[in-house]
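Note sheet for the following structure.
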Amino acid sequence: MNPEKLKELLALLRRHLFSVISTAVALGALVLSGFWWLGIQDLSDEHALKTKQNLAMINLLKTGPVLKTELAAVKEFTQRLEANLTVEDDLSDNDDYFRRMAARARVRLEDFQQMSSPPLEEGALFRRVPFTVRVTGTYAQVQTFLHAIETGPRLANLTAFGMVRRNPTSTDAALDLGLELIGKK
């Protein structure tokens, strides 16, 4: 290439500097994504090999069928647990969850507040979503509501509990709860 043509090329590149830089970045990203894709393929191949070795090992064990059954049960439980995690930002769904339980137990939901979650601890798999709830009704109704919270589809941790009779002559009771539901990160 002669020096005059080289000078013309450099002048052209300087005039279209943005295009040159964009092209260089795009080519760099293309090369990087190619290496990344090759790495993912290697990991995928290694995962398939380990899965095949794992299945062969389980089939050699006497307790292989039992292990397969237990693994299937654990996977099913994990999926059910993850499907019922609370979403902190979905306020209407969280409100509906407690209102449905209150309606089934036939208690009056006097007060319901969703508090802001504490910061996530390092390595935490789930978020703790705190609530305060106050319900009133007969002792049996309040007890049914508490049982529904404890055995409901969402995992709950009671942090505060208070129950009082509203009036010494009546059977009405008031239940104050502080609880945390396990939520998605």
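Ordering of the structure tokens sets the chain letters (A, B, ...); residue numbers start at 1 within each chain; ligands are numbered from 1 in the order shown.
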Distance table requested - segment 94-178 of chain A against segment 82-85 of chain A, cut-off 12 Å, only C-alpha atoms: one row per qualifying residue with the closest atom pair and its distance in Å to one decimal, ordered by chain and rising residue number, as CSV.
residue,atom,partner,partner_atom,distance
A:Asn94,CA,A:Leu85,CA,10.5
A:Tyr97,CA,A:Asn84,CA,11.0
A:Leu125,CA,A:Glu82,CA,11.1
A:Phe126,CA,A:Leu85,CA,8.7
A:Arg127,CA,A:Leu85,CA,9.3
A:Arg128,CA,A:Leu85,CA,10.2
A:Val129,CA,A:Leu85,CA,10.1
A:Gly152,CA,A:Asn84,CA,9.7
A:Pro153,CA,A:Asn84,CA,6.2
A:Arg154,CA,A:Asn84,CA,5.5
A:Leu155,CA,A:Leu85,CA,7.7
A:Ala156,CA,A:Leu85,CA,10.3
Residue list (strand (DSSP E or B), DSSP) for segment 22-169 of chain A, as a ChimeraX atom specification: /A:86,108-114,127-138,156-165
Dump of N, CA, C and O atoms for the selected residues, as a compact mmCIF listing (two decimals), in the first residue's frame:
# COMPACT_ATOMS: atom_id res chain seq x y z
N THR A 86 -43.71 -15.35 48.71
CA THR A 86 -44.31 -14.02 48.69
C THR A 86 -43.46 -13.09 47.83
O THR A 86 -42.24 -13.15 47.87
N ARG A 108 -62.91 -10.61 61.58
CA ARG A 108 -62.81 -9.27 61.02
C ARG A 108 -61.34 -8.87 61.00
O ARG A 108 -60.67 -8.88 62.04
N LEU A 109 -60.86 -8.48 59.83
CA LEU A 109 -59.48 -8.02 59.70
C LEU A 109 -59.47 -6.54 60.05
O LEU A 109 -59.82 -5.69 59.25
N GLU A 110 -59.12 -6.26 61.30
CA GLU A 110 -59.16 -4.88 61.81
C GLU A 110 -57.99 -4.05 61.29
O GLU A 110 -58.16 -2.89 60.96
N ASP A 111 -56.81 -4.65 61.25
CA ASP A 111 -55.62 -3.91 60.85
C ASP A 111 -54.69 -4.86 60.12
O ASP A 111 -54.49 -6.00 60.53
N PHE A 112 -54.13 -4.37 59.04
CA PHE A 112 -53.18 -5.16 58.26
C PHE A 112 -52.15 -4.20 57.69
O PHE A 112 -52.51 -3.23 57.01
N GLN A 113 -50.89 -4.44 57.97
CA GLN A 113 -49.83 -3.60 57.43
C GLN A 113 -48.67 -4.46 56.98
O GLN A 113 -48.26 -5.37 57.71
N GLN A 114 -48.17 -4.13 55.81
CA GLN A 114 -46.94 -4.78 55.33
C GLN A 114 -45.81 -3.81 55.63
O GLN A 114 -45.82 -2.68 55.19
N ARG A 127 -36.06 -13.74 51.05
CA ARG A 127 -36.30 -12.46 51.72
C ARG A 127 -37.35 -12.68 52.81
O ARG A 127 -38.28 -13.45 52.63
N ARG A 128 -37.21 -11.97 53.92
CA ARG A 128 -38.22 -11.99 54.97
C ARG A 128 -39.12 -10.77 54.77
O ARG A 128 -38.65 -9.65 54.78
N VAL A 129 -40.42 -11.02 54.58
CA VAL A 129 -41.38 -9.94 54.34
C VAL A 129 -42.26 -9.82 55.59
O VAL A 129 -43.11 -10.69 55.83
N PRO A 130 -42.08 -8.77 56.40
CA PRO A 130 -42.81 -8.66 57.67
C PRO A 130 -44.20 -8.03 57.51
O PRO A 130 -44.42 -7.17 56.65
N PHE A 131 -45.12 -8.48 58.36
CA PHE A 131 -46.49 -7.99 58.39
C PHE A 131 -46.93 -7.85 59.84
O PHE A 131 -46.43 -8.56 60.72
N THR A 132 -47.88 -6.93 60.07
CA THR A 132 -48.60 -6.90 61.34
C THR A 132 -50.08 -7.07 60.99
O THR A 132 -50.58 -6.47 60.05
N VAL A 133 -50.75 -7.91 61.78
CA VAL A 133 -52.15 -8.25 61.51
C VAL A 133 -52.91 -8.19 62.82
O VAL A 133 -52.43 -8.66 63.85
N ARG A 134 -54.12 -7.62 62.77
CA ARG A 134 -55.01 -7.63 63.94
C ARG A 134 -56.37 -8.10 63.45
O ARG A 134 -56.94 -7.52 62.53
N VAL A 135 -56.86 -9.18 64.06
CA VAL A 135 -58.18 -9.71 63.72
C VAL A 135 -59.01 -9.83 64.99
O VAL A 135 -58.47 -9.99 66.09
N THR A 136 -60.32 -9.77 64.82
CA THR A 136 -61.23 -9.96 65.94
C THR A 136 -62.32 -10.93 65.54
O THR A 136 -62.66 -11.06 64.36
N GLY A 137 -62.83 -11.62 66.53
CA GLY A 137 -63.90 -12.59 66.32
C GLY A 137 -64.02 -13.43 67.57
O GLY A 137 -63.44 -13.13 68.61
N THR A 138 -64.80 -14.50 67.49
CA THR A 138 -64.89 -15.41 68.64
C THR A 138 -63.56 -16.13 68.80
O THR A 138 -62.72 -16.14 67.88
N ALA A 156 -44.62 -19.11 57.14
CA ALA A 156 -44.73 -17.95 58.02
C ALA A 156 -43.93 -18.19 59.29
O ALA A 156 -43.87 -19.31 59.81
N ASN A 157 -43.32 -17.12 59.77
CA ASN A 157 -42.60 -17.14 61.03
C ASN A 157 -43.24 -16.10 61.93
O ASN A 157 -43.22 -14.91 61.63
N LEU A 158 -43.87 -16.55 63.02
CA LEU A 158 -44.51 -15.63 63.95
C LEU A 158 -43.43 -14.94 64.77
O LEU A 158 -42.60 -15.60 65.40
N THR A 159 -43.44 -13.61 64.78
CA THR A 159 -42.45 -12.86 65.55
C THR A 159 -43.07 -12.20 66.77
O THR A 159 -42.34 -11.87 67.71
N ALA A 160 -44.37 -11.98 66.77
CA ALA A 160 -45.06 -11.40 67.92
C ALA A 160 -46.48 -11.97 67.96
O ALA A 160 -47.09 -12.22 66.93
N PHE A 161 -46.95 -12.18 69.17
CA PHE A 161 -48.27 -12.79 69.34
C PHE A 161 -48.92 -12.16 70.57
O PHE A 161 -48.31 -12.04 71.63
N GLY A 162 -50.17 -11.77 70.40
CA GLY A 162 -50.94 -11.26 71.53
C GLY A 162 -52.41 -11.56 71.32
O GLY A 162 -52.94 -11.32 70.23
N MET A 163 -53.05 -12.08 72.36
CA MET A 163 -54.47 -12.39 72.26
C MET A 163 -55.14 -11.92 73.55
O MET A 163 -54.67 -12.23 74.63
N VAL A 164 -56.23 -11.15 73.39
CA VAL A 164 -56.95 -10.65 74.55
C VAL A 164 -58.45 -10.77 74.31
O VAL A 164 -58.90 -10.75 73.17
N ARG A 165 -59.20 -10.88 75.40
CA ARG A 165 -60.66 -10.81 75.30
C ARG A 165 -61.03 -9.36 75.18
O ARG A 165 -60.54 -8.51 75.89
Filtered DSSP result for segment 60-175 of chain A, state helix (DSSP H, G or I), as a PyMOL selection string: chain A and resi 60+64-83+91-105+139-151
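One finds atom CA of Leu175 of chain A at 15.9 Å from atom CA of Arg104 of chain A.
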8 Å contact set for Arg106 of chain A, only C-alpha atoms, chain neighbours under 3 positions out, as a list in words: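 The contact residues come out as Ala102, Ala103, Gly137 and Gln141 of chain A.
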